[in-house]
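What follows is the content of work-v3.cif, which has mmCIF, C-alpha atoms:
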data_target
#
loop_
_atom_site.label_atom_id
_atom_site.label_comp_id
_atom_site.auth_asym_id
_atom_site.auth_seq_id
_atom_site.Cartn_x
_atom_site.Cartn_y
_atom_site.Cartn_z
CA GLY A 1 -25.43 0.23 3.32
CA ALA A 2 -25.44 -3.02 5.21
CA VAL A 3 -24.47 -6.27 3.51
CA VAL A 4 -26.69 -9.30 3.00
CA SER A 5 -25.08 -12.41 1.57
CA GLN A 6 -27.18 -15.04 -0.22
CA HIS A 7 -25.82 -18.40 -1.24
CA PRO A 8 -25.74 -20.07 -3.69
CA SER A 9 -26.15 -17.55 -6.49
CA TRP A 10 -27.37 -20.28 -8.80
CA VAL A 11 -28.27 -23.94 -8.50
CA ILE A 12 -29.49 -26.67 -10.82
CA CYS A 13 -31.22 -29.66 -9.25
CA LYS A 14 -33.11 -32.71 -10.35
CA SER A 15 -36.86 -32.90 -10.01
CA GLY A 16 -37.86 -34.39 -6.66
CA THR A 17 -34.79 -33.27 -4.75
CA SER A 18 -34.56 -30.50 -2.14
CA VAL A 19 -32.52 -27.34 -2.31
CA LYS A 20 -31.44 -25.07 0.56
CA ILE A 21 -30.73 -21.36 0.11
CA GLU A 22 -28.95 -19.38 2.81
CA CYS A 23 -29.32 -15.71 3.64
CA ARG A 24 -26.94 -14.00 6.04
CA SER A 25 -26.77 -10.44 7.34
CA LEU A 26 -23.02 -9.85 7.59
CA ASP A 27 -22.70 -6.69 9.62
CA PHE A 28 -25.98 -6.29 11.46
CA GLN A 29 -28.56 -8.33 13.32
CA ALA A 30 -31.85 -8.92 11.56
CA THR A 31 -34.83 -9.89 13.66
CA THR A 32 -36.91 -9.98 10.48
CA MET A 33 -36.01 -11.45 7.12
CA PHE A 34 -38.14 -11.82 4.02
CA TRP A 35 -38.13 -14.26 1.12
CA TYR A 36 -39.26 -13.20 -2.33
CA ARG A 37 -39.73 -14.85 -5.66
CA GLN A 38 -39.30 -12.93 -8.90
CA PHE A 39 -40.48 -13.95 -12.34
CA PRO A 40 -38.87 -12.49 -15.48
CA LYS A 41 -39.61 -8.80 -15.96
CA GLN A 42 -41.91 -8.74 -12.94
CA SER A 43 -41.64 -7.19 -9.53
CA LEU A 44 -40.87 -9.00 -6.30
CA MET A 45 -43.50 -11.36 -4.91
CA LEU A 46 -43.32 -11.78 -1.15
CA MET A 47 -43.40 -15.43 -0.14
CA ALA A 48 -42.93 -15.26 3.62
CA THR A 49 -41.76 -13.20 6.56
CA SER A 50 -39.24 -14.85 8.84
CA ASN A 51 -38.74 -13.83 12.46
CA GLU A 52 -35.85 -15.10 14.56
CA GLY A 53 -36.90 -17.86 16.91
CA SER A 54 -40.46 -18.19 15.66
CA LYS A 55 -42.37 -19.73 12.79
CA ALA A 56 -42.42 -17.95 9.47
CA THR A 57 -45.55 -16.19 8.26
CA TYR A 58 -46.44 -17.24 4.74
CA GLU A 59 -48.33 -15.19 2.18
CA GLN A 60 -51.58 -16.49 0.81
CA GLY A 61 -51.05 -19.16 -1.80
CA VAL A 62 -47.52 -20.08 -0.72
CA GLU A 63 -47.20 -23.71 0.36
CA LYS A 64 -45.43 -23.77 3.71
CA ASP A 65 -44.66 -27.48 3.43
CA LYS A 66 -42.90 -26.94 0.12
CA PHE A 67 -40.99 -23.80 1.07
CA LEU A 68 -39.51 -24.42 4.51
CA ILE A 69 -38.08 -21.38 6.25
CA ASN A 70 -35.84 -21.45 9.30
CA HIS A 71 -34.60 -18.29 10.99
CA ALA A 72 -32.20 -19.90 13.42
CA SER A 73 -30.24 -16.84 14.49
CA LEU A 74 -30.25 -13.06 14.19
CA THR A 75 -27.98 -13.28 11.16
CA LEU A 76 -29.15 -16.38 9.29
CA SER A 77 -32.34 -17.48 7.57
CA THR A 78 -32.68 -20.43 5.23
CA LEU A 79 -35.23 -21.35 2.58
CA THR A 80 -35.52 -25.00 1.61
CA VAL A 81 -37.44 -25.86 -1.52
CA THR A 82 -38.59 -29.42 -0.90
CA SER A 83 -39.36 -31.96 -3.62
CA ALA A 84 -38.61 -29.38 -6.26
CA HIS A 85 -40.38 -29.46 -9.60
CA PRO A 86 -39.72 -27.54 -12.83
CA GLU A 87 -42.44 -25.03 -11.95
CA ASP A 88 -40.40 -24.05 -8.88
CA SER A 89 -37.66 -22.76 -11.17
CA SER A 90 -37.35 -19.06 -10.46
CA PHE A 91 -35.21 -16.29 -9.01
CA TYR A 92 -35.39 -16.28 -5.19
CA ILE A 93 -34.26 -13.23 -3.23
CA CYS A 94 -33.92 -12.70 0.51
CA SER A 95 -34.04 -9.44 2.41
CA ALA A 96 -32.91 -8.61 5.93
CA MET A 97 -34.34 -5.77 7.94
CA GLU A 98 -32.14 -3.56 10.10
CA ASN A 99 -33.79 -1.72 12.95
CA ARG A 100 -32.86 1.91 13.37
CA ASP A 101 -33.94 4.33 16.08
CA ARG A 102 -37.47 5.71 16.49
CA GLY A 103 -39.03 2.58 15.00
CA ARG A 104 -37.40 3.15 11.63
CA THR A 105 -36.10 0.28 9.55
CA GLU A 106 -34.05 -0.27 6.43
CA ALA A 107 -34.22 -3.41 4.32
CA PHE A 108 -31.26 -4.81 2.39
CA PHE A 109 -31.32 -7.54 -0.21
CA GLY A 110 -29.17 -10.51 -1.05
CA GLN A 111 -27.81 -11.12 -4.52
CA GLY A 112 -30.54 -13.61 -5.37
CA THR A 113 -30.49 -17.32 -6.23
CA ARG A 114 -31.39 -18.61 -9.67
CA LEU A 115 -32.98 -22.05 -9.19
CA THR A 116 -33.40 -24.32 -12.18
CA VAL A 117 -35.15 -27.66 -11.69
CA VAL A 118 -34.60 -30.19 -14.45
CA GLU B 1 -55.64 -1.34 0.87
CA ASP B 2 -51.98 -0.31 0.77
CA GLN B 3 -50.81 0.20 -2.78
CA VAL B 4 -47.84 1.47 -4.80
CA THR B 5 -47.95 2.62 -8.43
CA GLN B 6 -44.84 3.50 -10.37
CA SER B 7 -44.68 5.46 -13.61
CA PRO B 8 -43.61 5.40 -16.28
CA GLU B 9 -43.26 1.67 -16.79
CA ALA B 10 -40.27 2.25 -19.06
CA LEU B 11 -38.14 5.30 -19.81
CA ARG B 12 -35.53 5.85 -22.49
CA LEU B 13 -33.18 8.78 -22.03
CA GLN B 14 -30.26 10.20 -23.89
CA GLU B 15 -27.11 10.51 -21.83
CA GLY B 16 -27.27 13.83 -19.98
CA GLU B 17 -31.05 14.15 -20.31
CA SER B 18 -32.43 14.65 -16.80
CA SER B 19 -35.80 13.19 -15.81
CA SER B 20 -37.93 11.98 -12.90
CA LEU B 21 -39.51 8.68 -11.93
CA ASN B 22 -42.76 8.72 -9.99
CA CYS B 23 -43.97 6.53 -7.14
CA SER B 24 -47.55 7.14 -5.99
CA TYR B 25 -48.72 5.39 -2.87
CA THR B 26 -51.65 4.87 -0.55
CA VAL B 27 -50.84 3.44 2.86
CA SER B 28 -52.46 3.35 6.26
CA GLY B 29 -49.76 5.38 8.00
CA LEU B 30 -46.40 5.61 6.28
CA ARG B 31 -43.51 4.15 8.23
CA GLY B 32 -41.00 4.43 5.37
CA LEU B 33 -40.67 4.69 1.59
CA PHE B 34 -37.79 2.85 -0.03
CA TRP B 35 -36.05 3.20 -3.38
CA TYR B 36 -33.96 0.41 -4.88
CA ARG B 37 -32.06 -0.16 -8.08
CA GLN B 38 -32.11 -3.62 -9.63
CA ASP B 39 -29.83 -4.85 -12.40
CA PRO B 40 -30.83 -7.95 -14.42
CA GLY B 41 -30.15 -11.18 -12.56
CA LYS B 42 -29.27 -9.44 -9.29
CA GLY B 43 -30.96 -8.54 -6.05
CA PRO B 44 -32.20 -4.98 -5.46
CA GLU B 45 -29.57 -2.51 -4.33
CA PHE B 46 -30.61 -0.10 -1.58
CA LEU B 47 -30.67 3.56 -2.58
CA PHE B 48 -32.75 5.59 -0.10
CA THR B 49 -35.30 5.46 2.67
CA LEU B 50 -37.56 8.46 3.25
CA TYR B 51 -39.63 8.67 6.40
CA SER B 52 -41.66 11.89 6.34
CA ALA B 53 -43.14 14.34 3.85
CA GLY B 54 -40.71 17.03 2.82
CA GLU B 55 -37.68 14.82 3.29
CA GLU B 56 -35.08 14.70 0.51
CA LYS B 57 -32.00 12.52 0.04
CA GLU B 58 -29.25 12.62 -2.57
CA LYS B 59 -26.64 10.22 -3.84
CA GLU B 60 -24.49 11.11 -6.82
CA ARG B 61 -26.87 11.81 -9.74
CA LEU B 62 -29.96 10.66 -7.82
CA LYS B 63 -32.25 12.67 -5.59
CA ALA B 64 -35.35 11.30 -3.88
CA THR B 65 -38.18 13.46 -2.55
CA LEU B 66 -41.32 12.62 -0.62
CA THR B 67 -44.79 14.11 -0.23
CA LYS B 68 -47.85 12.68 1.50
CA LYS B 69 -49.01 11.02 -1.72
CA GLU B 70 -45.94 10.35 -3.83
CA SER B 71 -42.18 10.19 -4.15
CA PHE B 72 -39.99 11.24 -7.03
CA LEU B 73 -36.59 9.90 -7.99
CA HIS B 74 -34.85 12.64 -9.94
CA ILE B 75 -31.95 11.62 -12.17
CA THR B 76 -29.66 14.46 -13.17
CA ALA B 77 -27.47 14.11 -16.28
CA PRO B 78 -27.81 10.31 -16.38
CA LYS B 79 -25.09 8.05 -17.74
CA PRO B 80 -25.49 4.67 -19.46
CA GLU B 81 -24.45 2.95 -16.24
CA ASP B 82 -27.62 4.31 -14.60
CA SER B 83 -29.63 1.93 -16.79
CA ALA B 84 -31.55 -0.43 -14.49
CA THR B 85 -34.99 -1.07 -13.05
CA TYR B 86 -35.84 1.27 -10.20
CA LEU B 87 -38.18 -0.10 -7.56
CA CYS B 88 -40.20 1.81 -4.99
CA ALA B 89 -41.69 0.23 -1.87
CA VAL B 90 -43.66 1.43 1.14
CA GLN B 91 -43.90 0.13 4.66
CA ALA B 92 -46.90 0.79 6.88
CA TYR B 93 -46.75 1.34 10.63
CA ASN B 94 -48.54 -1.88 11.52
CA THR B 95 -46.21 -4.22 9.64
CA ASP B 96 -42.61 -4.94 8.72
CA LYS B 97 -43.57 -5.93 5.16
CA LEU B 98 -42.62 -3.85 2.16
CA ILE B 99 -45.18 -3.34 -0.60
CA PHE B 100 -43.46 -2.96 -3.96
CA GLY B 101 -44.45 -1.18 -7.13
CA THR B 102 -43.85 -2.85 -10.47
CA GLY B 103 -40.79 -0.72 -11.18
CA THR B 104 -39.57 1.67 -13.87
CA ARG B 105 -37.18 0.23 -16.42
CA LEU B 106 -34.69 2.97 -17.29
CA GLN B 107 -32.45 2.86 -20.35
CA VAL B 108 -29.85 5.57 -20.90
CA PHE B 109 -28.27 5.73 -24.33
CA PRO B 110 -24.86 7.31 -25.10
#
Take the structure in this file and express it as C-alpha coordinates.
Amino acid sequence: GAVVSQHPSWVICKSGTSVKIECRSLDFQATTMFWYRQFPKQSLMLMATSNEGSKATYEQGVEKDKFLINHASLTLSTLTVTSAHPEDSSFYICSAMENRDRGRTEAFFGQGTRLTVV
Amino acid sequence: EDQVTQSPEALRLQEGESSSLNCSYTVSGLRGLFWYRQDPGKGPEFLFTLYSAGEEKEKERLKATLTKKESFLHITAPKPEDSATYLCAVQAYNTDKLIFGTGTRLQVFP
(Lines of atoms letter the chains of each structure in order from A and count residues from 1; the text may use other names and numbers.)
(Lines give C-alpha, C1' and ligand atoms only; values in the text may rest on other atoms or scores of the structure.)
Protein backbone atom coordinates (compact mmCIF):
# COMPACT_ATOMS: atom_id res chain seq x y z
CA GLY A 1 0.00 0.00 0.00
CA ALA A 2 0.91 3.64 -0.29
CA VAL A 3 2.95 5.36 2.40
CA VAL A 4 1.84 8.26 4.58
CA SER A 5 4.43 9.83 6.84
CA GLN A 6 3.38 11.76 9.95
CA HIS A 7 5.79 13.80 12.01
CA PRO A 8 6.53 14.06 14.87
CA SER A 9 5.52 10.72 16.36
CA TRP A 10 5.36 12.28 19.80
CA VAL A 11 5.64 15.76 21.26
CA ILE A 12 5.49 17.31 24.71
CA CYS A 13 4.70 21.00 24.93
CA LYS A 14 3.94 23.57 27.56
CA SER A 15 0.43 24.84 28.08
CA GLY A 16 -0.25 27.91 25.95
CA THR A 17 2.19 27.07 23.18
CA SER A 18 1.38 25.87 19.65
CA VAL A 19 2.33 22.59 18.06
CA LYS A 20 2.46 21.72 14.35
CA ILE A 21 1.99 18.18 13.04
CA GLU A 22 2.89 17.30 9.46
CA CYS A 23 1.33 14.66 7.24
CA ARG A 24 2.90 13.72 3.92
CA SER A 25 1.87 11.26 1.24
CA LEU A 26 5.22 9.93 0.03
CA ASP A 27 4.40 8.10 -3.17
CA PHE A 28 1.06 9.45 -4.33
CA GLN A 29 -0.84 12.69 -4.60
CA ALA A 30 -3.67 13.22 -2.15
CA THR A 31 -6.31 15.77 -3.00
CA THR A 32 -8.07 14.90 0.25
CA MET A 33 -6.56 14.36 3.68
CA PHE A 34 -8.27 13.78 6.99
CA TRP A 35 -7.32 14.51 10.59
CA TYR A 36 -8.52 12.30 13.41
CA ARG A 37 -8.25 12.27 17.15
CA GLN A 38 -8.26 9.03 19.10
CA PHE A 39 -8.85 8.59 22.82
CA PRO A 40 -7.60 5.49 24.65
CA LYS A 41 -9.44 2.33 23.66
CA GLN A 42 -11.81 4.26 21.42
CA SER A 43 -12.25 4.46 17.69
CA LEU A 44 -11.14 7.30 15.45
CA MET A 45 -12.96 10.61 15.75
CA LEU A 46 -12.88 12.67 12.56
CA MET A 47 -11.86 16.26 13.23
CA ALA A 48 -11.69 17.73 9.75
CA THR A 49 -11.41 17.05 6.04
CA SER A 50 -8.64 18.87 4.23
CA ASN A 51 -8.70 19.56 0.50
CA GLU A 52 -5.68 20.87 -1.39
CA GLY A 53 -5.95 24.57 -2.09
CA SER A 54 -9.15 25.18 -0.14
CA LYS A 55 -10.29 25.64 3.42
CA ALA A 56 -10.71 22.60 5.61
CA THR A 57 -14.16 21.34 6.55
CA TYR A 58 -14.46 20.83 10.28
CA GLU A 59 -16.75 18.38 12.04
CA GLN A 60 -19.33 19.67 14.45
CA GLY A 61 -17.83 20.60 17.79
CA VAL A 62 -14.27 20.97 16.53
CA GLU A 63 -12.88 24.48 17.04
CA LYS A 64 -11.38 25.64 13.76
CA ASP A 65 -9.46 28.46 15.44
CA LYS A 66 -7.78 26.02 17.78
CA PHE A 67 -7.02 23.30 15.24
CA LEU A 68 -5.62 25.05 12.17
CA ILE A 69 -5.33 22.92 9.07
CA ASN A 70 -3.36 23.82 5.96
CA HIS A 71 -3.28 21.60 2.88
CA ALA A 72 -0.64 23.49 0.94
CA SER A 73 0.18 20.88 -1.69
CA LEU A 74 -1.00 17.55 -3.02
CA THR A 75 1.40 15.75 -0.70
CA LEU A 76 1.37 17.81 2.50
CA SER A 77 -1.20 18.76 5.12
CA THR A 78 -0.45 20.27 8.50
CA LEU A 79 -2.41 20.46 11.74
CA THR A 80 -1.48 23.19 14.20
CA VAL A 81 -2.85 22.95 17.71
CA THR A 82 -2.85 26.55 18.89
CA SER A 83 -2.61 27.64 22.53
CA ALA A 84 -2.56 24.04 23.62
CA HIS A 85 -4.02 23.01 26.95
CA PRO A 86 -3.80 19.71 28.86
CA GLU A 87 -7.23 18.68 27.55
CA ASP A 88 -5.79 18.76 24.02
CA SER A 89 -3.46 15.90 24.96
CA SER A 90 -4.38 13.01 22.71
CA PHE A 91 -3.32 10.79 19.83
CA TYR A 92 -3.72 12.60 16.48
CA ILE A 93 -3.72 10.64 13.23
CA CYS A 94 -3.79 11.83 9.64
CA SER A 95 -5.05 9.98 6.60
CA ALA A 96 -4.44 10.61 2.90
CA MET A 97 -6.81 9.50 0.21
CA GLU A 98 -5.56 8.07 -3.06
CA ASN A 99 -7.87 8.24 -6.05
CA ARG A 100 -8.16 5.12 -8.14
CA ASP A 101 -10.11 4.60 -11.35
CA ARG A 102 -13.90 4.52 -11.60
CA GLY A 103 -14.30 6.88 -8.65
CA ARG A 104 -12.74 4.41 -6.24
CA THR A 105 -10.49 5.56 -3.44
CA GLU A 106 -8.19 4.06 -0.85
CA ALA A 107 -7.23 5.79 2.38
CA PHE A 108 -3.88 5.33 4.10
CA PHE A 109 -2.92 6.46 7.57
CA GLY A 110 0.11 8.03 9.15
CA GLN A 111 1.79 6.61 12.21
CA GLY A 112 0.05 9.01 14.55
CA THR A 113 1.32 11.75 16.88
CA ARG A 114 1.07 11.48 20.65
CA LEU A 115 0.63 15.03 21.99
CA THR A 116 1.13 15.67 25.68
CA VAL A 117 0.49 19.18 27.01
CA VAL A 118 1.97 19.91 30.42
CA GLU B 1 -27.97 7.88 8.77
CA ASP B 2 -24.82 6.03 7.70
CA GLN B 3 -23.66 3.64 10.39
CA VAL B 4 -21.13 0.88 11.06
CA THR B 5 -21.38 -1.75 13.80
CA GLN B 6 -18.60 -4.19 14.53
CA SER B 7 -18.88 -7.40 16.53
CA PRO B 8 -17.69 -8.86 18.71
CA GLU B 9 -16.15 -6.02 20.67
CA ALA B 10 -13.37 -8.33 21.84
CA LEU B 11 -12.27 -11.79 20.79
CA ARG B 12 -9.82 -14.17 22.41
CA LEU B 13 -8.54 -17.04 20.30
CA GLN B 14 -6.12 -19.86 20.77
CA GLU B 15 -3.36 -19.96 18.20
CA GLY B 16 -4.67 -21.88 15.19
CA GLU B 17 -8.32 -21.34 16.09
CA SER B 18 -9.99 -19.79 13.04
CA SER B 19 -12.79 -17.24 13.45
CA SER B 20 -14.59 -14.32 11.81
CA LEU B 21 -15.10 -10.67 12.66
CA ASN B 22 -18.30 -8.97 11.56
CA CYS B 23 -18.93 -5.48 10.22
CA SER B 24 -22.58 -4.56 9.65
CA TYR B 25 -23.32 -1.33 7.86
CA THR B 26 -26.07 0.93 6.60
CA VAL B 27 -25.04 3.52 4.04
CA SER B 28 -26.76 5.59 1.38
CA GLY B 29 -24.94 3.99 -1.54
CA LEU B 30 -21.73 2.14 -0.78
CA ARG B 31 -18.65 3.54 -2.45
CA GLY B 32 -16.19 1.35 -0.53
CA LEU B 33 -15.74 -0.72 2.63
CA PHE B 34 -12.33 -0.63 4.28
CA TRP B 35 -10.60 -2.93 6.75
CA TYR B 36 -7.65 -1.79 8.85
CA ARG B 37 -5.48 -3.27 11.55
CA GLN B 38 -4.34 -1.04 14.39
CA ASP B 39 -1.64 -1.85 16.91
CA PRO B 40 -1.48 0.08 20.21
CA GLY B 41 0.08 3.52 19.81
CA LYS B 42 0.17 3.33 16.01
CA GLY B 43 -1.92 4.50 13.09
CA PRO B 44 -4.25 2.07 11.30
CA GLU B 45 -2.60 -0.17 8.74
CA PHE B 46 -4.51 -0.67 5.49
CA LEU B 47 -5.67 -4.23 4.83
CA PHE B 48 -8.42 -4.28 2.19
CA THR B 49 -10.95 -2.23 0.29
CA LEU B 50 -14.08 -3.93 -1.05
CA TYR B 51 -16.30 -2.12 -3.51
CA SER B 52 -19.22 -4.37 -4.43
CA ALA B 53 -21.26 -7.23 -2.97
CA GLY B 54 -19.74 -10.60 -3.69
CA GLU B 55 -16.20 -9.28 -3.76
CA GLU B 56 -13.54 -11.13 -1.76
CA LYS B 57 -9.90 -10.29 -1.03
CA GLU B 58 -7.18 -12.28 0.70
CA LYS B 59 -3.88 -11.49 2.32
CA GLU B 60 -1.94 -14.18 4.16
CA ARG B 61 -4.25 -15.52 6.91
CA LEU B 62 -6.93 -12.87 6.32
CA LYS B 63 -9.86 -12.95 3.94
CA ALA B 64 -12.47 -10.21 3.61
CA THR B 65 -15.90 -10.71 2.08
CA LEU B 66 -18.73 -8.30 1.35
CA THR B 67 -22.51 -8.51 1.05
CA LYS B 68 -25.05 -5.71 0.73
CA LYS B 69 -25.43 -5.50 4.51
CA GLU B 70 -22.20 -6.70 6.06
CA SER B 71 -18.57 -7.66 5.67
CA PHE B 72 -16.65 -10.44 7.34
CA LEU B 73 -12.95 -10.62 8.09
CA HIS B 74 -12.06 -14.29 8.31
CA ILE B 75 -8.86 -15.19 10.14
CA THR B 76 -7.52 -18.65 9.37
CA ALA B 77 -5.16 -20.35 11.83
CA PRO B 78 -4.28 -17.09 13.61
CA LYS B 79 -0.91 -16.49 15.23
CA PRO B 80 -0.12 -14.32 18.26
CA GLU B 81 1.22 -11.62 15.94
CA ASP B 82 -2.31 -11.22 14.54
CA SER B 83 -3.33 -9.71 17.88
CA ALA B 84 -4.53 -6.15 17.23
CA THR B 85 -7.67 -4.06 16.90
CA TYR B 86 -9.39 -4.50 13.55
CA LEU B 87 -11.33 -1.52 12.26
CA CYS B 88 -14.00 -1.44 9.58
CA ALA B 89 -15.09 1.72 7.78
CA VAL B 90 -17.51 2.60 4.99
CA GLN B 91 -17.53 5.40 2.49
CA ALA B 92 -20.72 6.63 0.83
CA TYR B 93 -20.97 7.87 -2.75
CA ASN B 94 -21.70 11.47 -1.82
CA THR B 95 -18.64 11.99 0.38
CA ASP B 96 -14.95 11.25 0.80
CA LYS B 97 -15.34 10.70 4.55
CA LEU B 98 -14.92 7.30 6.13
CA ILE B 99 -17.34 6.23 8.86
CA PHE B 100 -15.64 3.92 11.33
CA GLY B 101 -16.95 1.18 13.57
CA THR B 102 -15.66 0.90 17.11
CA GLY B 103 -13.39 -2.02 16.24
CA THR B 104 -12.83 -5.60 17.36
CA ARG B 105 -9.97 -6.17 19.76
CA LEU B 106 -8.42 -9.53 18.87
CA GLN B 107 -6.08 -11.42 21.18
CA VAL B 108 -4.45 -14.64 20.01
CA PHE B 109 -2.79 -16.78 22.67
CA PRO B 110 -0.02 -19.33 22.01
Determine, counting all atoms listed in the file, every residue of protein, DNA or RNA that lies within 8 Å of (-36.3, -30.0, -12.4) in the file coordinates, then give the result as a PyMOL selection string.
chain A and resi 12-16+84-87+89+116-118
Figure out the distance between CA of Asn99 in chain A and CA of Leu76 in chain A, please, to one decimal in Å.
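Between CA of Leu76 in chain A and CA of Asn99 in chain A the gap works out to 15.8 Å.
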Within 6 Å of chain B, which residues of chain A show up when using all atoms listed in the file, listed as a list in words?
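Here is what falls inside 6 Å: Ser43, Phe109, Gly110, Gln111 and Gly112 of chain A.
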Selection near Leu68 in chain A, 12 Å with all atoms listed in the file, sequence-local residues under 5 positions removed, as a count of residues only:
24
Within 6 Å of file point (-31.7, -13.2, 0.9), counting only C-alpha atoms, expressed as number ranges by chain
A: 6, 23, 93-95, 109-110
So that I have them on file, write out the residues from the current selection with C-alpha atoms, as a PDB file, keeping the file's coordinate frame.
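After the write, part-v3.pdb holds the following:
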ATOM      1  CA  GLN A   6     -27.180 -15.040  -0.220  1.00  0.00           C
ATOM      2  CA  CYS A  23     -29.320 -15.710   3.640  1.00  0.00           C
ATOM      3  CA  ILE A  93     -34.260 -13.230  -3.230  1.00  0.00           C
ATOM      4  CA  CYS A  94     -33.920 -12.700   0.510  1.00  0.00           C
ATOM      5  CA  SER A  95     -34.040  -9.440   2.410  1.00  0.00           C
ATOM      6  CA  PHE A 109     -31.320  -7.540  -0.210  1.00  0.00           C
ATOM      7  CA  GLY A 110     -29.170 -10.510  -1.050  1.00  0.00           C
TER       8      GLY A 110
END
Tell me, in Å to one decimal, how far CA of Leu11 in chain B is from CA of Asp39 in chain B.
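Result for CA of Leu11 in chain B versus CA of Asp39 in chain B: 15.1 Å, one decimal.
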For Gln60 in chain A, which residue out of A:Leu46, A:Pro8, A:Gly103, A:Tyr36 is the nearest one, using only C-alpha atoms?
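The shortest atom-to-atom distance to Gln60 in chain A comes from A:Leu46.
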I'd like to see the residues matched by the PyMOL selection byres ((chain A and resi 91) around 6) on this file, and ideally I'd get them as a PDB file with C-alpha atoms, in the coordinates of the input.
ATOM      1  CA  ARG A  37     -39.730 -14.850  -5.660  1.00  0.00           C
ATOM      2  CA  GLN A  38     -39.300 -12.930  -8.900  1.00  0.00           C
ATOM      3  CA  SER A  90     -37.350 -19.060 -10.460  1.00  0.00           C
ATOM      4  CA  TYR A  92     -35.390 -16.280  -5.190  1.00  0.00           C
ATOM      5  CA  THR A 113     -30.490 -17.320  -6.230  1.00  0.00           C
ATOM      6  CA  ARG A 114     -31.390 -18.610  -9.670  1.00  0.00           C
TER       7      ARG A 114
END
Using CA of Phe109 in chain B and CA of Trp35 in chain B as the two end points, give the distance in Å to one decimal.
22.5 Å
